[in-house]
$ cat target-v9.json   # JSON, C-alpha atoms and all ligand atoms
[["chain", "number", "residue", "atom", "x", "y", "z"],
["E", 1, "MET", "CA", -20.01, -3.36, -24.15],
["E", 2, "GLN", "CA", -19.11, -6.24, -21.90],
["E", 3, "CYS", "CA", -16.73, -9.14, -22.06],
["E", 4, "THR", "CA", -17.22, -12.13, -19.82],
["E", 5, "LEU", "CA", -14.47, -14.53, -18.97],
["E", 6, "PRO", "CA", -15.15, -18.14, -18.12],
["E", 7, "MET", "CA", -14.28, -19.77, -14.80],
["E", 8, "MET", "CA", -10.53, -19.88, -14.67],
["E", 9, "LYS", "CA", -8.05, -22.11, -13.00],
["E", 10, "LYS", "CA", -5.02, -22.67, -15.16],
["E", 11, "LYS", "CA", -6.31, -21.26, -18.43],
["E", 12, "PHE", "CA", -6.51, -17.55, -19.10],
["E", 13, "ILE", "CA", -7.82, -15.42, -21.87],
["E", 14, "THR", "CA", -5.46, -13.86, -24.31],
["E", 15, "LEU", "CA", -5.16, -10.12, -24.06],
["E", 16, "SER", "CA", -3.50, -8.16, -26.77],
["E", 17, "ILE", "CA", -0.77, -6.26, -25.02],
["E", 18, "THR", "CA", 1.65, -4.26, -27.00],
["E", 19, "THR", "CA", 5.08, -4.06, -25.56],
["E", 20, "ASN", "CA", 7.67, -2.00, -27.28],
["E", 21, "THR", "CA", 11.22, -0.87, -26.77],
["E", 22, "SER", "CA", 10.14, 2.37, -25.09],
["E", 23, "THR", "CA", 8.95, 0.60, -21.93],
["E", 24, "MET", "CA", 10.91, 1.30, -18.79],
["E", 25, "LEU", "CA", 11.36, -0.20, -15.36],
["E", 26, "LEU", "CA", 9.70, 1.69, -12.51],
["E", 27, "PRO", "CA", 11.14, 1.79, -8.98],
["E", 28, "ILE", "CA", 9.10, -0.35, -6.55],
["E", 29, "ILE", "CA", 8.47, 1.28, -3.18],
["E", 30, "THR", "CA", 8.81, -0.89, -0.09],
["E", 31, "TYR", "CA", 7.47, -1.03, 3.47],
["E", 32, "PRO", "CA", 7.49, 1.16, 5.57],
["E", 33, "ASN", "CA", 7.09, 3.81, 2.82],
["E", 34, "LYS", "CA", 3.89, 5.64, 3.82],
["E", 35, "LEU", "CA", 2.75, 5.93, 0.21],
["E", 36, "LEU", "CA", 1.75, 2.26, 0.44],
["E", 37, "LYS", "CA", -1.04, 3.36, 2.81],
["E", 38, "THR", "CA", -2.68, 5.50, 0.10],
["E", 39, "VAL", "CA", -6.24, 4.70, -0.92],
["E", 40, "SER", "CA", -5.94, 4.83, -4.72],
["E", 41, "SER", "CA", -8.39, 6.70, -6.98],
["E", 42, "GLU", "CA", -10.59, 5.28, -9.74],
["E", 43, "VAL", "CA", -9.23, 5.48, -13.29],
["E", 44, "ALA", "CA", -11.33, 7.72, -15.55],
["E", 45, "MET", "CA", -9.09, 8.14, -18.61],
["E", 46, "PHE", "CA", -8.25, 5.01, -20.61],
["E", 47, "ASP", "CA", -5.73, 6.75, -22.82],
["E", 48, "THR", "CA", -2.24, 6.08, -24.20],
["E", 49, "GLN", "CA", -0.72, 7.45, -21.02],
["E", 50, "LEU", "CA", -2.47, 4.66, -19.08],
["E", 51, "HIS", "CA", -1.42, 2.07, -21.69],
["E", 52, "THR", "CA", 2.24, 3.10, -21.47],
["E", 53, "PHE", "CA", 2.03, 2.99, -17.69],
["E", 54, "LEU", "CA", 0.54, -0.54, -17.78],
["E", 55, "ASP", "CA", 3.29, -1.67, -20.18],
["E", 56, "ASN", "CA", 5.88, -0.29, -17.76],
["E", 57, "MET", "CA", 4.16, -2.04, -14.85],
["E", 58, "TYR", "CA", 4.36, -5.33, -16.76],
["E", 59, "GLU", "CA", 8.10, -4.93, -17.45],
["E", 60, "THR", "CA", 8.70, -3.99, -13.81],
["E", 61, "MET", "CA", 6.72, -6.96, -12.47],
["E", 62, "ILE", "CA", 8.42, -9.50, -14.74],
["E", 63, "SER", "CA", 11.93, -8.16, -14.10],
["E", 64, "SER", "CA", 11.26, -8.41, -10.34],
["E", 65, "ASN", "CA", 9.98, -12.02, -10.63],
["E", 66, "GLY", "CA", 6.54, -10.97, -9.36],
["E", 67, "ILE", "CA", 3.18, -12.50, -10.23],
["E", 68, "GLY", "CA", 1.25, -9.33, -9.45],
["E", 69, "LEU", "CA", 1.77, -5.60, -9.07],
["E", 70, "ALA", "CA", -0.53, -2.77, -8.00],
["E", 71, "ALA", "CA", -0.02, 0.76, -9.34],
["E", 72, "ILE", "CA", 0.65, 2.22, -5.86],
["E", 73, "GLN", "CA", 3.67, -0.09, -5.56],
["E", 74, "VAL", "CA", 5.30, 2.09, -8.21],
["E", 75, "ALA", "CA", 3.99, 5.22, -6.47],
["E", 76, "MET", "CA", 1.00, 5.79, -8.79],
["E", 77, "PRO", "CA", -2.21, 6.09, -6.70],
["E", 78, "ILE", "CA", -4.68, 4.71, -9.27],
["E", 79, "ARG", "CA", -6.93, 1.64, -9.00],
["E", 80, "ALA", "CA", -4.99, -0.49, -11.48],
["E", 81, "LEU", "CA", -3.20, -3.79, -11.04],
["E", 82, "ILE", "CA", -1.63, -6.42, -13.25],
["E", 83, "LEU", "CA", -1.24, -10.14, -12.74],
["E", 84, "CYS", "CA", 0.57, -12.94, -14.50],
["E", 85, "ILE", "CA", 0.12, -16.34, -12.87],
["E", 86, "PRO", "CA", 2.82, -18.78, -14.02],
["E", 87, "ASP", "CA", 1.73, -21.86, -15.98],
["E", 88, "GLU", "CA", 2.53, -25.45, -14.95],
["E", 89, "GLU", "CA", 6.12, -25.07, -16.20],
["E", 90, "GLY", "CA", 6.51, -21.84, -14.25],
["E", 91, "ASN", "CA", 6.50, -19.67, -17.37],
["E", 92, "GLN", "CA", 4.79, -16.29, -17.28],
["E", 93, "GLU", "CA", 3.35, -16.06, -20.77],
["E", 94, "LEU", "CA", 2.35, -12.65, -22.08],
["E", 95, "SER", "CA", -0.97, -14.26, -23.00],
["E", 96, "ASN", "CA", -1.63, -14.92, -19.29],
["E", 97, "VAL", "CA", -1.35, -11.26, -18.29],
["E", 98, "LEU", "CA", -4.46, -9.71, -16.78],
["E", 99, "GLU", "CA", -4.78, -5.94, -16.55],
["E", 100, "ILE", "CA", -7.45, -5.06, -13.99],
["E", 101, "ILE", "CA", -8.69, -1.51, -13.51],
["E", 102, "ASN", "CA", -11.31, -0.25, -11.01],
["E", 103, "PRO", "CA", -12.01, -3.78, -9.70],
["E", 104, "VAL", "CA", -15.04, -4.63, -7.56],
["E", 105, "ILE", "CA", -15.57, -8.06, -5.96],
["E", 106, "GLU", "CA", -19.17, -9.09, -6.58],
["E", 107, "ASN", "CA", -19.36, -12.51, -4.99],
["E", 108, "THR", "CA", -17.16, -14.85, -2.97],
["E", 109, "ILE", "CA", -17.22, -18.54, -2.06],
["E", 110, "GLY", "CA", -15.16, -20.41, 0.56],
["E", 111, "LYS", "CA", -11.90, -19.60, 2.28],
["E", 112, "MET", "CA", -8.34, -20.83, 1.84],
["E", 113, "THR", "CA", -4.92, -20.09, 3.28],
["E", 114, "TYR", "CA", -1.84, -19.48, 1.16],
["E", 115, "GLN", "CA", 1.69, -18.34, 1.90],
["E", 116, "GLU", "CA", 1.91, -14.85, 0.42],
["E", 117, "GLY", "CA", 4.81, -12.58, -0.37],
["E", 118, "CYS", "CA", 4.97, -9.06, -1.76],
["E", 119, "LEU", "CA", 7.46, -7.09, -3.88],
["E", 120, "SER", "CA", 6.97, -4.22, -1.41],
["E", 121, "VAL", "CA", 7.86, -6.42, 1.60],
["E", 122, "PRO", "CA", 10.85, -8.27, 0.13],
["E", 123, "GLY", "CA", 12.02, -11.49, 1.74],
["E", 124, "PHE", "CA", 8.90, -12.15, 3.87],
["E", 125, "TYR", "CA", 6.25, -14.79, 3.42],
["E", 126, "GLU", "CA", 3.24, -15.37, 5.68],
["E", 127, "ASP", "CA", 0.12, -17.53, 5.64],
["E", 128, "ILE", "CA", -2.94, -15.39, 4.91],
["E", 129, "GLU", "CA", -6.59, -16.46, 4.69],
["E", 130, "ARG", "CA", -8.51, -15.29, 1.60],
["E", 131, "TYR", "CA", -11.66, -16.14, -0.34],
["E", 132, "GLU", "CA", -11.18, -19.25, -2.45],
["E", 133, "THR", "CA", -13.38, -18.21, -5.35],
["E", 134, "LEU", "CA", -14.57, -14.79, -6.41],
["E", 135, "THR", "CA", -16.42, -12.98, -9.13],
["E", 136, "LEU", "CA", -14.80, -9.74, -10.20],
["E", 137, "ARG", "CA", -16.09, -6.78, -12.18],
["E", 138, "TYR", "CA", -13.44, -4.46, -13.63],
["E", 139, "HIS", "CA", -12.41, -2.37, -16.62],
["E", 140, "ASN", "CA", -9.75, -3.39, -19.10],
["E", 141, "ARG", "CA", -7.19, -0.92, -20.51],
["E", 142, "HIS", "CA", -9.75, 0.34, -23.03],
["E", 143, "GLY", "CA", -12.38, 1.11, -20.40],
["E", 144, "ILE", "CA", -14.54, -1.87, -21.36],
["E", 145, "GLU", "CA", -16.36, -3.45, -18.44],
["E", 146, "CYS", "CA", -15.39, -7.10, -17.88],
["E", 147, "THR", "CA", -16.26, -9.83, -15.40],
["E", 148, "LEU", "CA", -14.25, -12.87, -14.44],
["E", 149, "GLN", "CA", -14.50, -15.73, -12.01],
["E", 150, "ALA", "CA", -11.25, -16.72, -10.34],
["E", 151, "ASP", "CA", -10.21, -19.38, -7.87],
["E", 152, "ASP", "CA", -7.06, -20.64, -6.14],
["E", 153, "LEU", "CA", -3.90, -18.62, -6.78],
["E", 154, "LEU", "CA", -5.56, -16.18, -9.17],
["E", 155, "SER", "CA", -8.28, -15.42, -6.61],
["E", 156, "ILE", "CA", -5.66, -14.92, -3.88],
["E", 157, "ALA", "CA", -3.49, -12.72, -6.09],
["E", 158, "ILE", "CA", -6.48, -10.53, -7.01],
["E", 159, "GLN", "CA", -7.37, -10.03, -3.33],
["E", 160, "HIS", "CA", -3.73, -9.32, -2.41],
["E", 161, "GLU", "CA", -3.40, -6.67, -5.15],
["E", 162, "MET", "CA", -6.83, -5.16, -4.38],
["E", 163, "ASP", "CA", -5.71, -4.68, -0.76],
["E", 164, "HIS", "CA", -2.90, -2.46, -2.13],
["E", 165, "LEU", "CA", -5.53, -0.24, -3.80],
["E", 166, "ASP", "CA", -7.01, 0.38, -0.34],
["E", 167, "GLY", "CA", -3.63, 1.08, 1.24],
["E", 168, "LYS", "CA", -3.31, -2.33, 2.85],
["E", 169, "LEU", "CA", -0.45, -4.83, 2.86],
["E", 170, "PHE", "CA", -0.69, -8.56, 3.56],
["E", 171, "ILE", "CA", 1.21, -7.97, 6.83],
["E", 172, "ASP", "CA", -1.72, -5.79, 7.96],
["E", 173, "ARG", "CA", -3.76, -9.01, 8.06],
["E", 174, "LEU", "CA", -1.43, -10.76, 10.52],
["E", 175, "SER", "CA", -2.41, -11.41, 14.12],
["E", 176, "TYR", "CA", -0.95, -9.05, 16.74],
["E", 177, "SER", "CA", 1.78, -11.47, 17.80],
["E", 178, "ARG", "CA", 2.78, -12.43, 14.24],
["E", 179, "ARG", "CA", 2.89, -8.76, 13.28],
["E", 180, "LYS", "CA", 5.17, -7.96, 16.23],
["E", 181, "LYS", "CA", 7.47, -10.78, 15.19],
["E", 182, "PHE", "CA", 7.50, -9.49, 11.62],
["E", 183, "GLU", "CA", 8.37, -5.91, 12.70],
["E", 184, "LYS", "CA", 11.31, -7.20, 14.72],
["E", 185, "GLU", "CA", 12.67, -9.35, 11.89],
["E", 186, "TYR", "CA", 12.09, -6.70, 9.22],
["E", 187, "LYS", "CA", 13.92, -4.03, 11.26],
["E", 188, "LYS", "CA", 16.88, -6.38, 11.49],
["E", 189, "VAL", "CA", 16.88, -6.92, 7.70],
["E", 190, "LEU", "CA", 16.65, -3.15, 7.03],
["E", 191, "LYS", "CA", 19.59, -2.53, 9.37],
["E", 192, "GLU", "CA", 21.68, -5.16, 7.60],
["E", 193, "LYS", "CA", 20.90, -3.53, 4.22],
["E", 194, "LYS", "CA", 22.21, -0.11, 5.37],
["U", 1, "ZN", "ZN", 1.88, -6.91, -2.67]]

$ encode --input "target-v9.json" --output "structure tokens" --more "lines below"
Ligand SMILES: [Zn+2]
Amino acid sequence: MQCTLPMMKKKFITLSITTNTSTMLLPIITYPNKLLKTVSSEVAMFDTQLHTFLDNMYETMISSNGIGLAAIQVAMPIRALILCIPDEEGNQELSNVLEIINPVIENTIGKMTYQEGCLSVPGFYEDIERYETLTLRYHNRHGIECTLQADDLLSIAIQHEMDHLDGKLFIDRLSYSRRKKFEKEYKKVLKEKK
């Protein structure tokens, strides 16, 4: 079985996601936690345990004001990520949520630069170059193979979250000098938090 999504910019397909009162917030791990370097494993079981985990990821992402979250950011090393790009009014509708499991990029077009941030590197934003448009193959929560074409922010968010699945953070894409600068500033912030 296959579902194909049309080219997307601001419009997204509606996924039926059941949220219930038993969902819970998961602690988000932050840099320099070494777990973030884990290469996550493919998901083989699309069972209720996975569905509950995805529901918890959604609650965690929304309560942290994030637009995307990879499973490893809540210390679960599986190739799963969720995204919810805000609409023009800045609302993150449940109907805009994408749950992406075992993703593979099939095709890319163009490049663009966007200022990225990450829930695992709080307080830092850096310009990163990514593919502008991509075609993605992935499984949904039921194990059904899907494809989608994404551009702009959705394309960037997909690439950012897929980096997490390979143990990479957006700061790993910085030039040597920008990375050095980041390390210095981040150390200062960590010290102030203590
Ligand atoms: Zn991130």

$ residues_near_ligand --input "target-v9.json" --ligand "ligand ZN 1 (chain U)" --cutoff "7 Å" --atoms "all atoms listed in the file" --output "ChimeraX atom specification"
/E:69,117-120,160-161,164,169-170

$ closest_residue --input "target-v9.json" --among "E:Leu165, E:Ala80, E:Leu153, E:Ala71" --to "E:Ala44" --atoms "all atoms listed in the file"
E:Ala80

$ closest_residue --input "target-v9.json" --among "E:Asp163, E:Glu116, E:Glu145, E:Glu126" --to "E:Arg178" --atoms "all atoms listed in the file"
E:Glu126

$ closest_atom_pairs --input "target-v9.json" --of "stretch 55-146 of chain E" --to "stretch 26-31 of chain E" --cutoff "8 Å" --atoms "all atoms listed in the file" --output "tab-separated table"
residue	atom	partner	partner_atom	distance
E:Asn56	CA	E:Leu26	CA	6.8
E:Met57	CA	E:Leu26	CA	7.1
E:Thr60	CA	E:Leu26	CA	5.9
E:Gln73	CA	E:Ile28	CA	5.5
E:Val74	CA	E:Ile28	CA	4.8
E:Ala75	CA	E:Ile29	CA	6.8
E:Leu119	CA	E:Thr30	CA	7.4
E:Ser120	CA	E:Thr30	CA	4.0
E:Val121	CA	E:Tyr31	CA	5.7
E:Pro122	CA	E:Thr30	CA	7.7

$ atom_distance --input "target-v9.json" --atom1 "atom CA of E:Gly167" --atom2 "atom CA of E:Glu99"
19.2 Å

$ closest_residue --input "target-v9.json" --among "E:Met76, E:Val97, E:Ile128, E:Val43" --to "E:Ile171" --atoms "only C-alpha atoms"
E:Ile128

$ closest_residue --input "target-v9.json" --among "E:Arg79, E:Arg130, E:His139, E:Arg179" --to "E:Ile109" --atoms "all atoms listed in the file"
E:Arg130

$ atom_distance --input "target-v9.json" --atom1 "atom CA of E:Lys194" --atom2 "atom CA of E:Asn33"
15.8 Å

$ atom_distance --input "target-v9.json" --atom1 "atom CA of E:Leu36" --atom2 "atom CA of E:Leu134"
24.6 Å

$ residues_around --input "target-v9.json" --residues "E:Asn140" --least-positions-apart "5" --cutoff "9 Å" --atoms "only C-alpha atoms" --output "PyMOL selection string"
chain E and resi 46+98-102+145-146

$ closest_residue --input "target-v9.json" --among "E:Leu94, E:Ile85, E:Ser63, E:Asp166" --to "E:Lys37" --atoms "only C-alpha atoms"
E:Asp166

$ decode --input "target-v9.json" --residues "stretch 106-125 of chain E" --atoms "N, CA and C atoms" --output "tab-separated table (two decimals), in the first residue's frame"
chain	number	residue	atom	x	y	z
E	106	GLU	N	14.99	10.87	-1.55
E	106	GLU	CA	15.13	10.25	-2.87
E	106	GLU	C	15.69	11.21	-3.90
E	107	ASN	N	15.36	12.49	-3.74
E	107	ASN	CA	15.73	13.46	-4.77
E	107	ASN	C	15.80	14.84	-4.15
E	108	THR	N	16.70	15.67	-4.63
E	108	THR	CA	16.79	17.04	-4.09
E	108	THR	C	16.95	18.03	-5.24
E	109	ILE	N	16.46	19.25	-5.02
E	109	ILE	CA	16.65	20.32	-6.00
E	109	ILE	C	17.03	21.59	-5.24
E	110	GLY	N	18.07	22.28	-5.72
E	110	GLY	CA	18.42	23.62	-5.23
E	110	GLY	C	18.98	23.64	-3.81
E	111	LYS	N	19.41	24.82	-3.43
E	111	LYS	CA	19.95	25.02	-2.08
E	111	LYS	C	19.35	26.31	-1.51
E	112	MET	N	19.22	26.37	-0.20
E	112	MET	CA	18.81	27.62	0.44
E	112	MET	C	19.39	27.67	1.85
E	113	THR	N	19.48	28.88	2.37
E	113	THR	CA	20.04	29.07	3.71
E	113	THR	C	18.94	29.59	4.62
E	114	TYR	N	18.89	29.04	5.84
E	114	TYR	CA	17.85	29.42	6.79
E	114	TYR	C	18.45	29.43	8.19
E	115	GLN	N	17.98	30.34	9.03
E	115	GLN	CA	18.50	30.39	10.39
E	115	GLN	C	17.81	29.31	11.24
E	116	GLU	N	18.58	28.31	11.64
E	116	GLU	CA	18.02	27.17	12.36
E	116	GLU	C	18.29	27.25	13.86
E	117	GLY	N	17.39	26.65	14.61
E	117	GLY	CA	17.58	26.46	16.04
E	117	GLY	C	17.24	25.02	16.36
E	118	CYS	N	17.45	24.62	17.60
E	118	CYS	CA	17.21	23.22	17.96
E	118	CYS	C	16.86	23.13	19.44
E	119	LEU	N	15.85	22.33	19.78
E	119	LEU	CA	15.46	22.17	21.18
E	119	LEU	C	16.59	21.56	22.01
E	120	SER	N	17.53	20.89	21.34
E	120	SER	CA	18.66	20.29	22.05
E	120	SER	C	19.88	21.21	22.14
E	121	VAL	N	19.77	22.38	21.51
E	121	VAL	CA	20.83	23.40	21.61
E	121	VAL	C	20.13	24.73	21.92
E	122	PRO	N	19.50	24.81	23.11
E	122	PRO	CA	18.61	25.95	23.38
E	122	PRO	C	19.33	27.29	23.34
E	123	GLY	N	18.64	28.26	22.73
E	123	GLY	CA	19.14	29.64	22.75
E	123	GLY	C	20.09	29.99	21.62
E	124	PHE	N	20.39	29.01	20.70
E	124	PHE	CA	21.33	29.31	19.62
E	124	PHE	C	20.69	29.14	18.25
E	125	TYR	N	21.01	30.08	17.38
E	125	TYR	CA	20.45	30.09	16.03
E	125	TYR	C	21.58	30.38	15.06
